[in-house]
file target.csv (CSV, C-alpha atoms)
chain,number,residue,atom,x,y,z
A,52,MET,CA,-24.5,24.0,-10.0
A,53,LYS,CA,-27.7,22.1,-9.5
A,54,HIS,CA,-29.3,24.4,-12.1
A,55,ALA,CA,-26.5,23.9,-14.7
A,56,SER,CA,-27.7,23.2,-18.3
A,57,PRO,CA,-28.0,19.6,-19.4
A,58,THR,CA,-25.2,20.2,-21.9
A,59,LEU,CA,-22.8,21.4,-19.2
A,60,GLN,CA,-23.7,18.5,-17.0
A,61,GLN,CA,-23.0,16.1,-19.8
A,62,GLY,CA,-19.7,17.7,-20.5
A,63,ILE,CA,-18.6,17.5,-16.8
A,64,SER,CA,-19.7,13.9,-16.6
A,65,ALA,CA,-17.8,13.0,-19.8
A,66,ALA,CA,-14.7,14.8,-18.4
A,67,ALA,CA,-14.9,12.9,-15.1
A,68,ARG,CA,-15.4,9.5,-16.7
A,69,TRP,CA,-12.6,10.1,-19.3
A,70,GLY,CA,-10.4,11.3,-16.4
A,71,TYR,CA,-11.0,8.3,-14.3
A,72,LEU,CA,-10.1,6.0,-17.2
A,73,ALA,CA,-6.8,7.9,-17.8
A,74,LYS,CA,-5.9,7.7,-14.1
A,75,GLY,CA,-6.7,4.0,-14.1
A,76,VAL,CA,-4.4,3.4,-17.0
A,77,VAL,CA,-1.5,5.1,-15.2
A,78,TYR,CA,-2.0,2.9,-12.1
A,79,VAL,CA,-2.4,-0.3,-14.1
A,80,LEU,CA,0.9,0.5,-15.9
A,81,ILE,CA,2.7,1.3,-12.6
A,82,GLY,CA,1.4,-1.8,-10.9
A,83,GLY,CA,1.9,-4.1,-13.9
A,84,LEU,CA,5.6,-3.0,-14.3
A,85,ALA,CA,6.2,-3.5,-10.5
A,86,LEU,CA,4.5,-6.9,-10.6
A,87,MET,CA,6.7,-8.0,-13.5
A,88,ALA,CA,9.7,-6.9,-11.5
A,89,ALA,CA,8.6,-8.8,-8.4
A,90,ALA,CA,8.1,-12.0,-10.5
A,91,GLY,CA,11.6,-11.6,-12.2
A,92,LEU,CA,10.1,-10.9,-15.6
A,93,GLY,CA,11.7,-7.6,-16.3
A,94,GLY,CA,9.6,-4.6,-15.5
A,95,GLN,CA,10.7,-1.9,-13.1
A,96,HIS,CA,9.9,0.0,-10.0
A,97,ALA,CA,8.3,2.9,-11.9
A,98,GLY,CA,6.8,6.1,-10.9
A,99,SER,CA,4.1,7.8,-13.0
A,100,LYS,CA,6.4,9.4,-15.5
A,101,GLU,CA,8.4,6.3,-16.0
A,102,ALA,CA,5.3,4.3,-16.6
A,103,ILE,CA,4.1,6.8,-19.2
A,104,LEU,CA,7.5,6.7,-20.9
A,105,LYS,CA,7.2,3.0,-21.1
A,106,LEU,CA,3.8,3.4,-22.8
A,107,ALA,CA,5.3,5.8,-25.3
A,108,GLY,CA,7.6,3.0,-26.6
A,109,GLN,CA,4.7,0.6,-27.4
A,110,PRO,CA,3.0,0.1,-30.8
A,111,PHE,CA,0.6,3.0,-31.4
A,112,GLY,CA,2.3,4.7,-28.4
A,113,SER,CA,1.8,8.2,-29.8
A,114,VAL,CA,-1.9,7.7,-30.2
A,115,MET,CA,-2.2,6.3,-26.6
A,116,LEU,CA,-0.1,9.1,-25.2
A,117,GLY,CA,-2.4,11.7,-26.9
A,118,LEU,CA,-5.5,10.0,-25.5
A,119,LEU,CA,-4.0,9.6,-22.1
A,120,GLY,CA,-2.9,13.3,-22.0
A,121,VAL,CA,-6.4,14.5,-22.9
A,122,GLY,CA,-7.8,12.2,-20.2
A,123,LEU,CA,-5.5,13.5,-17.5
A,124,PHE,CA,-6.5,17.1,-18.4
A,125,ALA,CA,-10.2,16.0,-18.2
A,126,TYR,CA,-9.4,14.6,-14.7
A,127,MET,CA,-8.0,18.0,-13.7
A,128,ILE,CA,-11.3,19.6,-14.8
A,129,TRP,CA,-13.3,17.2,-12.8
A,130,ARG,CA,-11.2,17.8,-9.7
A,131,LEU,CA,-11.6,21.5,-10.0
A,132,VAL,CA,-15.3,21.1,-10.4
A,133,GLN,CA,-15.3,18.9,-7.2
A,134,ALA,CA,-13.4,21.6,-5.3
A,135,TRP,CA,-15.2,24.7,-6.6
A,136,PHE,CA,-18.8,23.5,-6.5
A,137,ASP,CA,-18.3,21.1,-3.5
A,138,THR,CA,-19.8,18.1,-5.3
A,139,GLU,CA,-18.8,15.8,-2.4
A,140,ASP,CA,-20.5,18.0,0.2
A,141,ALA,CA,-17.3,18.5,2.1
A,142,GLY,CA,-18.5,21.8,3.5
A,143,SER,CA,-16.7,25.0,4.3
A,144,ASP,CA,-15.2,24.2,7.7
A,145,ILE,CA,-11.4,23.6,8.1
A,146,LYS,CA,-11.8,19.9,7.2
A,147,GLY,CA,-13.9,20.6,4.2
A,148,ILE,CA,-11.6,23.3,2.9
A,149,ALA,CA,-8.7,20.9,3.3
A,150,THR,CA,-10.5,18.2,1.4
A,151,ARG,CA,-11.4,20.6,-1.4
A,152,LEU,CA,-7.8,22.0,-1.5
A,153,ALA,CA,-6.7,18.4,-1.9
A,154,PHE,CA,-8.9,18.0,-5.0
A,155,VAL,CA,-7.2,21.1,-6.5
A,156,ILE,CA,-3.7,19.7,-5.7
A,157,SER,CA,-4.7,16.3,-7.2
A,158,GLY,CA,-5.9,18.0,-10.4
A,159,VAL,CA,-2.7,20.0,-10.7
A,160,ILE,CA,-0.6,16.9,-10.3
A,161,TYR,CA,-2.5,14.9,-13.0
A,162,ALA,CA,-2.5,18.0,-15.3
A,163,ALA,CA,1.3,18.0,-15.0
A,164,LEU,CA,1.3,14.4,-16.1
A,165,GLY,CA,-0.9,15.4,-19.0
A,166,VAL,CA,1.7,18.1,-19.9
A,167,TYR,CA,4.4,15.4,-19.8
A,168,CYS,CA,2.4,13.2,-22.2
A,169,PHE,CA,2.3,16.0,-24.7
A,170,ASP,CA,6.0,16.9,-24.1
A,171,LEU,CA,6.8,13.3,-25.0
A,172,LEU,CA,4.7,13.7,-28.2
A,173,LEU,CA,6.2,17.0,-29.3
A,174,HIS,CA,9.7,17.1,-27.9
A,175,ALA,CA,10.7,13.5,-27.0
A,176,ALA,CA,11.0,14.5,-23.3
A,177,SER,CA,12.6,12.0,-20.8
A,178,SER,CA,11.6,11.1,-17.3
A,179,SER,CA,14.0,13.7,-15.9
A,180,GLY,CA,13.3,15.7,-12.8
A,181,SER,CA,13.7,13.2,-10.0
A,182,THR,CA,12.0,13.5,-6.6
A,183,GLN,CA,15.4,14.3,-5.1
A,184,SER,CA,16.1,17.2,-7.5
A,185,ARG,CA,12.7,18.7,-6.9
A,186,THR,CA,13.0,18.3,-3.2
A,187,ALA,CA,16.5,19.9,-3.3
A,188,GLU,CA,15.1,22.9,-5.3
A,189,LEU,CA,12.2,23.3,-2.8
A,190,MET,CA,14.6,23.1,0.2
A,191,SER,CA,16.8,25.8,-1.3
A,192,GLN,CA,13.9,28.3,-1.0
A,193,PRO,CA,13.2,30.3,2.2
A,194,GLY,CA,11.3,28.0,4.6
A,195,GLY,CA,11.7,25.2,2.1
A,196,ILE,CA,12.7,22.6,4.7
A,197,TYR,CA,9.5,23.2,6.6
A,198,LEU,CA,7.4,23.1,3.4
A,199,VAL,CA,9.0,19.7,2.5
A,200,PHE,CA,8.2,18.4,6.0
A,201,ALA,CA,4.6,19.7,5.6
A,202,VAL,CA,4.2,18.0,2.2
A,203,GLY,CA,5.5,14.7,3.8
A,204,VAL,CA,2.9,15.0,6.5
A,205,VAL,CA,0.2,15.6,3.9
A,206,PHE,CA,1.3,12.5,2.0
A,207,MET,CA,1.1,10.4,5.2
A,208,GLY,CA,-2.3,11.9,6.0
A,209,VAL,CA,-3.6,11.0,2.5
A,210,GLY,CA,-2.1,7.5,3.0
A,211,VAL,CA,-4.0,7.0,6.3
A,212,ARG,CA,-7.2,8.4,4.7
A,213,GLN,CA,-6.9,5.9,1.8
A,214,ILE,CA,-6.6,3.0,4.3
A,215,MET,CA,-9.5,4.2,6.4
A,216,ARG,CA,-11.7,4.5,3.3
A,217,ALA,CA,-10.8,0.9,2.5
A,218,VAL,CA,-11.7,-0.2,6.1
A,219,LYS,CA,-15.0,1.8,6.2
A,220,CYS,CA,-16.0,1.2,2.6
A,221,SER,CA,-17.0,4.8,2.4
A,222,PHE,CA,-16.5,4.7,-1.4
A,223,LEU,CA,-19.7,2.7,-1.8
A,224,LYS,CA,-21.8,5.8,-1.4
A,225,ASN,CA,-20.3,7.3,-4.6
A,226,TRP,CA,-21.5,4.5,-6.9
A,227,HIS,CA,-24.7,3.9,-8.7
A,228,MET,CA,-25.2,0.6,-6.9
A,229,ARG,CA,-28.5,-0.3,-8.6
A,230,GLU,CA,-26.7,-0.5,-11.9
A,231,MET,CA,-24.4,-3.3,-10.7
A,232,ASN,CA,-25.4,-6.9,-10.2
A,233,GLU,CA,-24.3,-8.8,-7.0
A,234,SER,CA,-21.1,-10.2,-8.6
A,235,GLN,CA,-20.1,-6.8,-9.9
A,236,ARG,CA,-20.7,-5.2,-6.5
A,237,ASN,CA,-18.6,-7.8,-4.7
A,238,LEU,CA,-15.7,-7.6,-7.2
A,239,ALA,CA,-15.8,-3.8,-7.2
A,240,LYS,CA,-15.8,-3.7,-3.4
A,241,TRP,CA,-12.9,-6.0,-2.8
A,242,ALA,CA,-10.8,-4.6,-5.7
A,243,THR,CA,-11.3,-1.1,-4.3
A,244,ARG,CA,-10.4,-2.1,-0.8
A,245,MET,CA,-7.2,-3.8,-2.0
A,246,GLY,CA,-6.4,-0.8,-4.2
A,247,LEU,CA,-6.9,1.9,-1.6
A,248,THR,CA,-4.9,0.0,1.0
A,249,ALA,CA,-1.9,-0.5,-1.4
A,250,ARG,CA,-2.0,3.2,-2.5
A,251,GLY,CA,-2.2,4.2,1.2
A,252,ILE,CA,0.9,2.2,2.0
A,253,VAL,CA,2.8,3.7,-0.9
A,254,PHE,CA,1.8,7.2,0.2
A,255,LEU,CA,2.8,6.6,3.8
A,256,ILE,CA,6.3,5.5,2.6
A,257,ILE,CA,6.6,8.6,0.3
A,258,GLY,CA,5.5,10.9,3.2
A,259,LEU,CA,7.9,9.3,5.6
A,260,PHE,CA,10.9,9.7,3.3
A,261,LEU,CA,10.0,13.4,2.7
A,262,CYS,CA,9.8,14.0,6.4
A,263,ILE,CA,13.2,12.3,6.9
A,264,ALA,CA,14.6,14.4,4.1
A,265,ALA,CA,13.4,17.6,5.8
A,266,TRP,CA,14.5,16.5,9.2
A,267,GLN,CA,18.0,15.7,8.1
A,268,SER,CA,18.1,18.5,5.5
A,269,ASP,CA,19.1,15.9,3.0
A,270,PRO,CA,17.1,15.9,-0.3
A,271,SER,CA,18.7,12.6,-1.3
A,272,GLU,CA,16.5,10.9,1.3
A,273,ALA,CA,13.3,11.8,-0.6
A,274,GLU,CA,11.6,9.2,-2.7
A,275,GLY,CA,8.7,9.2,-5.1
A,276,LEU,CA,6.4,6.4,-6.0
A,277,GLY,CA,9.1,4.4,-7.8
A,278,GLY,CA,11.4,4.8,-4.8
A,279,ALA,CA,8.7,3.6,-2.5
A,280,LEU,CA,8.3,0.5,-4.5
A,281,THR,CA,12.1,0.0,-4.5
A,282,THR,CA,12.1,0.3,-0.7
A,283,LEU,CA,9.5,-2.4,-0.4
A,284,ALA,CA,11.5,-4.7,-2.7
A,285,GLN,CA,14.6,-4.3,-0.5
A,286,GLN,CA,12.9,-5.5,2.7
A,287,PRO,CA,12.8,-9.1,3.9
A,288,PHE,CA,10.5,-11.1,1.6
A,289,GLY,CA,10.8,-8.0,-0.6
A,290,PRO,CA,9.6,-9.6,-3.9
A,291,TRP,CA,6.5,-10.9,-2.1
A,292,LEU,CA,5.8,-7.5,-0.5
A,293,LEU,CA,6.4,-5.8,-3.8
A,294,GLY,CA,4.1,-8.3,-5.6
A,295,ILE,CA,1.3,-7.7,-3.1
A,296,VAL,CA,1.5,-3.9,-3.3
A,297,ALA,CA,1.8,-4.1,-7.1
A,298,LEU,CA,-1.4,-6.2,-7.3
A,299,GLY,CA,-3.0,-3.6,-5.1
A,300,LEU,CA,-1.9,-0.7,-7.5
A,301,VAL,CA,-3.4,-2.7,-10.4
A,302,ALA,CA,-6.5,-3.1,-8.3
A,303,TYR,CA,-6.5,0.7,-7.7
A,304,GLY,CA,-6.5,1.2,-11.4
A,305,ILE,CA,-9.5,-1.1,-11.7
A,306,TYR,CA,-11.2,1.0,-9.0
A,307,CYS,CA,-10.6,4.0,-11.3
A,308,PHE,CA,-12.2,2.1,-14.2
A,309,ILE,CA,-15.2,1.3,-11.9
A,310,ASN,CA,-15.5,5.0,-11.1
A,311,ALA,CA,-15.5,5.7,-14.8
A,312,ARG,CA,-18.5,3.5,-15.3
A,313,PHE,CA,-20.5,3.6,-12.1
A,314,ARG,CA,-19.5,6.7,-10.1
A,315,ASP,CA,-22.0,9.4,-9.5
A,316,VAL,CA,-20.3,12.3,-11.4
A,317,SER,CA,-23.3,14.7,-11.4
A,318,ALA,CA,-22.3,18.2,-10.4
call {"tool": "encode", "arguments": {"input": "target.csv", "output": "structure tokens"}}
result
Amino acid sequence: MKHASPTLQQGISAAARWGYLAKGVVYVLIGGLALMAAAGLGGQHAGSKEAILKLAGQPFGSVMLGLLGVGLFAYMIWRLVQAWFDTEDAGSDIKGIATRLAFVISGVIYAALGVYCFDLLLHAASSSGSTQSRTAELMSQPGGIYLVFAVGVVFMGVGVRQIMRAVKCSFLKNWHMREMNESQRNLAKWATRMGLTARGIVFLIIGLFLCIAAWQSDPSEAEGLGGALTTLAQQPFGPWLLGIVALGLVAYGIYCFINARFRDVSA
């Protein structure tokens, strides 16, 4: 890939930056709605689809949905490039293969959100297909319970990895630091640490619920992102917990915007 043509390199870079922008919009929507709910200003504990559905109802919603859908497909392309050409130097050992496989899974997930955007545009789709129904369908397959448990463990592993990245600031190596002034570097660093920590907490909760659902053979125990936020809201000092995590999810969206501008996306 080091010898790819300049045109191809530019296309991959454009896909990556557009993809990070789209991903950032999704997380800012999720965090913003949760923050409004925590402050008692309406809002909701929304997952990705619910947040996109909310966007569809805004002025110029169709245009925004179309742009968001294209961006999410662009993000899928970038994830596949990361996995296939090993742009992150993950390697080919077990850990490296797992990392690259995670890129593929991430790309598929965001491509599915892109499909949902276009379904809304073309067919007025709803946010149907809950985490519980998808978990129940998976559990009904041979070995499905074990697979659900494995997915839960993966979510928890990703959550731990997100928090460790925040602690170690390993994300700094991916940015063109010389293009930032000192204020931008400090803001980017702390917004990213907050965002990764919040996302890690949410993923840990989602993974824990999936493991419990598998252990008890009860798909109703499974929760997605919206359910994880609801769980936080139901704890002691719930609105404060929800508000902090919601701010963190907005910060994660900002981190995605920073990636769109400053990340090294050369293949």
call {"tool": "closest_atom_pairs", "arguments": {"input": "target.csv", "of": "stretch 121-155 of chain A", "to": "stretch 73-88 of chain A", "cutoff": "8 Å", "atoms": "only C-alpha atoms", "output": "CSV"}}
result
residue,atom,partner,partner_atom,distance
A:Gly122,CA,A:Ala73,CA,5.0
A:Leu123,CA,A:Ala73,CA,5.8
A:Tyr126,CA,A:Lys74,CA,7.8
call {"tool": "atom_distance", "arguments": {"input": "target.csv", "atom1": "atom CA of A:Phe206", "atom2": "atom CA of A:Lys240"}}
result
24.2 Å
call {"tool": "residues_around", "arguments": {"input": "target.csv", "residues": "A:Ile305", "least_positions_apart": "4", "cutoff": "10 Å", "atoms": "only C-alpha atoms", "output": "PDB file with C-alpha atoms, in the coordinates of the input"}}
result
ATOM      1  CA  TYR A  71     -11.000   8.300 -14.300  1.00  0.00           C
ATOM      2  CA  LEU A  72     -10.100   6.000 -17.200  1.00  0.00           C
ATOM      3  CA  LYS A  74      -5.900   7.700 -14.100  1.00  0.00           C
ATOM      4  CA  GLY A  75      -6.700   4.000 -14.100  1.00  0.00           C
ATOM      5  CA  VAL A  76      -4.400   3.400 -17.000  1.00  0.00           C
ATOM      6  CA  TYR A  78      -2.000   2.900 -12.100  1.00  0.00           C
ATOM      7  CA  VAL A  79      -2.400  -0.300 -14.100  1.00  0.00           C
ATOM      8  CA  ALA A 239     -15.800  -3.800  -7.200  1.00  0.00           C
ATOM      9  CA  ALA A 242     -10.800  -4.600  -5.700  1.00  0.00           C
ATOM     10  CA  THR A 243     -11.300  -1.100  -4.300  1.00  0.00           C
ATOM     11  CA  GLY A 246      -6.400  -0.800  -4.200  1.00  0.00           C
ATOM     12  CA  GLY A 299      -3.000  -3.600  -5.100  1.00  0.00           C
ATOM     13  CA  LEU A 300      -1.900  -0.700  -7.500  1.00  0.00           C
ATOM     14  CA  VAL A 301      -3.400  -2.700 -10.400  1.00  0.00           C
ATOM     15  CA  ILE A 309     -15.200   1.300 -11.900  1.00  0.00           C
ATOM     16  CA  ASN A 310     -15.500   5.000 -11.100  1.00  0.00           C
ATOM     17  CA  ALA A 311     -15.500   5.700 -14.800  1.00  0.00           C
TER      18      ALA A 311
END
call {"tool": "closest_residue", "arguments": {"input": "target.csv", "among": "A:Ala89, A:Ile148, A:Met231, A:Leu171", "to": "A:Phe313", "atoms": "all atoms listed in the file"}}
result
A:Met231
call {"tool": "closest_residue", "arguments": {"input": "target.csv", "among": "A:Cys307, A:Leu119, A:Ala265, A:Ile256", "to": "A:Gly208", "atoms": "only C-alpha atoms"}}
result
A:Ile256
call {"tool": "closest_residue", "arguments": {"input": "target.csv", "among": "A:Met190, A:Ala284, A:Val155, A:Val205", "to": "A:Phe136", "atoms": "only C-alpha atoms"}}
result
A:Val155
call {"tool": "residues_near_point", "arguments": {"input": "target.csv", "point": "(6.2, 13.3, 3.0)", "cutoff": "9 Å", "atoms": "all atoms listed in the file", "output": "ChimeraX atom specification"}}
result
/A:199-207,254-265,273-274
call {"tool": "residues_around", "arguments": {"input": "target.csv", "residues": "stretch 104-108 of chain A", "least_positions_apart": "5", "cutoff": "12 Å", "atoms": "only C-alpha atoms", "output": "PyMOL selection string"}}
result
chain A and resi 76-77+79-81+83-84+94-99+113-120+164+167-173+175-179
call {"tool": "closest_residue", "arguments": {"input": "target.csv", "among": "A:Leu247, A:Leu59, A:Leu198, A:Val209", "to": "A:Phe222", "atoms": "only C-alpha atoms"}}
result
A:Leu247
call {"tool": "closest_residue", "arguments": {"input": "target.csv", "among": "A:Gly70, A:Gly210, A:Gly91, A:Gly142", "to": "A:Ile128", "atoms": "all atoms listed in the file"}}
result
A:Gly70
call {"tool": "atom_distance", "arguments": {"input": "target.csv", "atom1": "atom CA of A:Gln285", "atom2": "atom CA of A:Ala102"}}
result
20.5 Å
call {"tool": "atom_distance", "arguments": {"input": "target.csv", "atom1": "atom CA of A:Ile103", "atom2": "atom CA of A:Leu280"}}
result
16.5 Å
call {"tool": "closest_residue", "arguments": {"input": "target.csv", "among": "A:Val253, A:Arg312, A:Leu131, A:Gly112", "to": "A:Thr282", "atoms": "only C-alpha atoms"}}
result
A:Val253
call {"tool": "decode", "arguments": {"input": "target.csv", "residues": "stretch 52-139 of chain A", "atoms": "C-alpha atoms", "output": "short mmCIF file (atom, residue, chain, number, x, y, z; two decimals), in the first residue's frame"}}
result
data_model
loop_
_atom_site.label_atom_id
_atom_site.label_comp_id
_atom_site.auth_asym_id
_atom_site.auth_seq_id
_atom_site.Cartn_x
_atom_site.Cartn_y
_atom_site.Cartn_z
CA MET A 52 0.00 0.00 0.00
CA LYS A 53 3.03 2.22 0.41
CA HIS A 54 3.24 2.35 -3.37
CA ALA A 55 -0.42 3.21 -3.98
CA SER A 56 -1.09 5.97 -6.47
CA PRO A 57 -1.56 9.51 -5.12
CA THR A 58 -5.18 9.48 -6.34
CA LEU A 59 -5.94 6.30 -4.39
CA GLN A 60 -4.20 7.67 -1.31
CA GLN A 61 -6.27 10.85 -1.53
CA GLY A 62 -9.46 8.83 -1.90
CA ILE A 63 -8.68 6.72 1.16
CA SER A 64 -7.79 9.81 3.19
CA ALA A 65 -11.03 11.52 2.15
CA ALA A 66 -13.05 8.41 3.10
CA ALA A 67 -11.37 8.23 6.49
CA ARG A 68 -11.92 11.91 7.31
CA TRP A 69 -15.52 11.90 6.13
CA GLY A 70 -16.08 8.70 8.11
CA TYR A 71 -14.69 10.17 11.32
CA LEU A 72 -16.94 13.20 10.88
CA ALA A 73 -20.02 10.97 10.51
CA LYS A 74 -19.08 8.87 13.52
CA GLY A 75 -18.55 12.03 15.56
CA VAL A 76 -22.02 13.30 14.62
CA VAL A 77 -23.59 10.06 15.87
CA TYR A 78 -21.86 10.28 19.24
CA VAL A 79 -22.58 13.97 19.69
CA LEU A 80 -26.27 13.21 19.05
CA ILE A 81 -26.29 10.32 21.55
CA GLY A 82 -24.43 12.29 24.20
CA GLY A 83 -26.48 15.45 23.62
CA LEU A 84 -29.80 13.63 23.99
CA ALA A 85 -28.59 11.88 27.15
CA LEU A 86 -27.31 15.17 28.58
CA MET A 87 -30.70 16.80 28.00
CA ALA A 88 -32.37 13.85 29.75
CA ALA A 89 -30.01 14.14 32.72
CA ALA A 90 -30.77 17.87 33.02
CA GLY A 91 -34.52 17.29 32.79
CA LEU A 92 -34.79 19.11 29.47
CA GLY A 93 -36.40 16.31 27.51
CA GLY A 94 -34.00 14.23 25.48
CA GLN A 95 -33.75 10.47 25.87
CA HIS A 96 -31.42 7.59 26.64
CA ALA A 97 -30.83 6.89 22.97
CA GLY A 98 -28.83 4.32 21.11
CA SER A 99 -27.34 4.96 17.68
CA LYS A 100 -30.52 4.28 15.70
CA GLU A 101 -32.71 6.34 18.00
CA ALA A 102 -30.28 9.27 17.71
CA ILE A 103 -30.31 9.01 13.91
CA LEU A 104 -34.11 8.82 13.94
CA LYS A 105 -34.15 12.03 15.98
CA LEU A 106 -31.91 13.67 13.39
CA ALA A 107 -34.32 12.66 10.62
CA GLY A 108 -37.07 14.75 12.20
CA GLN A 109 -35.06 17.98 12.15
CA PRO A 110 -35.19 20.69 9.45
CA PHE A 111 -33.23 19.49 6.42
CA GLY A 112 -33.26 16.06 8.06
CA SER A 113 -33.26 14.22 4.74
CA VAL A 114 -30.16 16.03 3.55
CA MET A 115 -28.38 15.38 6.84
CA LEU A 116 -29.38 11.71 6.75
CA GLY A 117 -27.99 11.33 3.26
CA LEU A 118 -24.68 12.94 4.17
CA LEU A 119 -24.47 10.91 7.37
CA GLY A 120 -25.20 7.67 5.52
CA VAL A 121 -22.44 8.36 2.97
CA GLY A 122 -20.05 9.19 5.80
CA LEU A 123 -20.80 5.96 7.65
CA PHE A 124 -20.10 3.94 4.50
CA ALA A 125 -16.88 5.92 4.08
CA TYR A 126 -15.92 4.94 7.63
CA MET A 127 -16.52 1.28 6.74
CA ILE A 128 -14.10 1.65 3.80
CA TRP A 129 -11.44 3.13 6.09
CA ARG A 130 -11.89 0.33 8.64
CA LEU A 131 -11.49 -2.31 5.93
CA VAL A 132 -8.35 -0.55 4.68
CA GLN A 133 -7.00 -0.52 8.24
CA ALA A 134 -7.66 -4.24 8.59
CA TRP A 135 -6.50 -5.45 5.17
CA PHE A 136 -3.36 -3.33 4.80
CA ASP A 137 -2.54 -3.20 8.53
CA THR A 138 -2.18 0.57 8.58
CA GLU A 139 -1.84 0.50 12.39
#
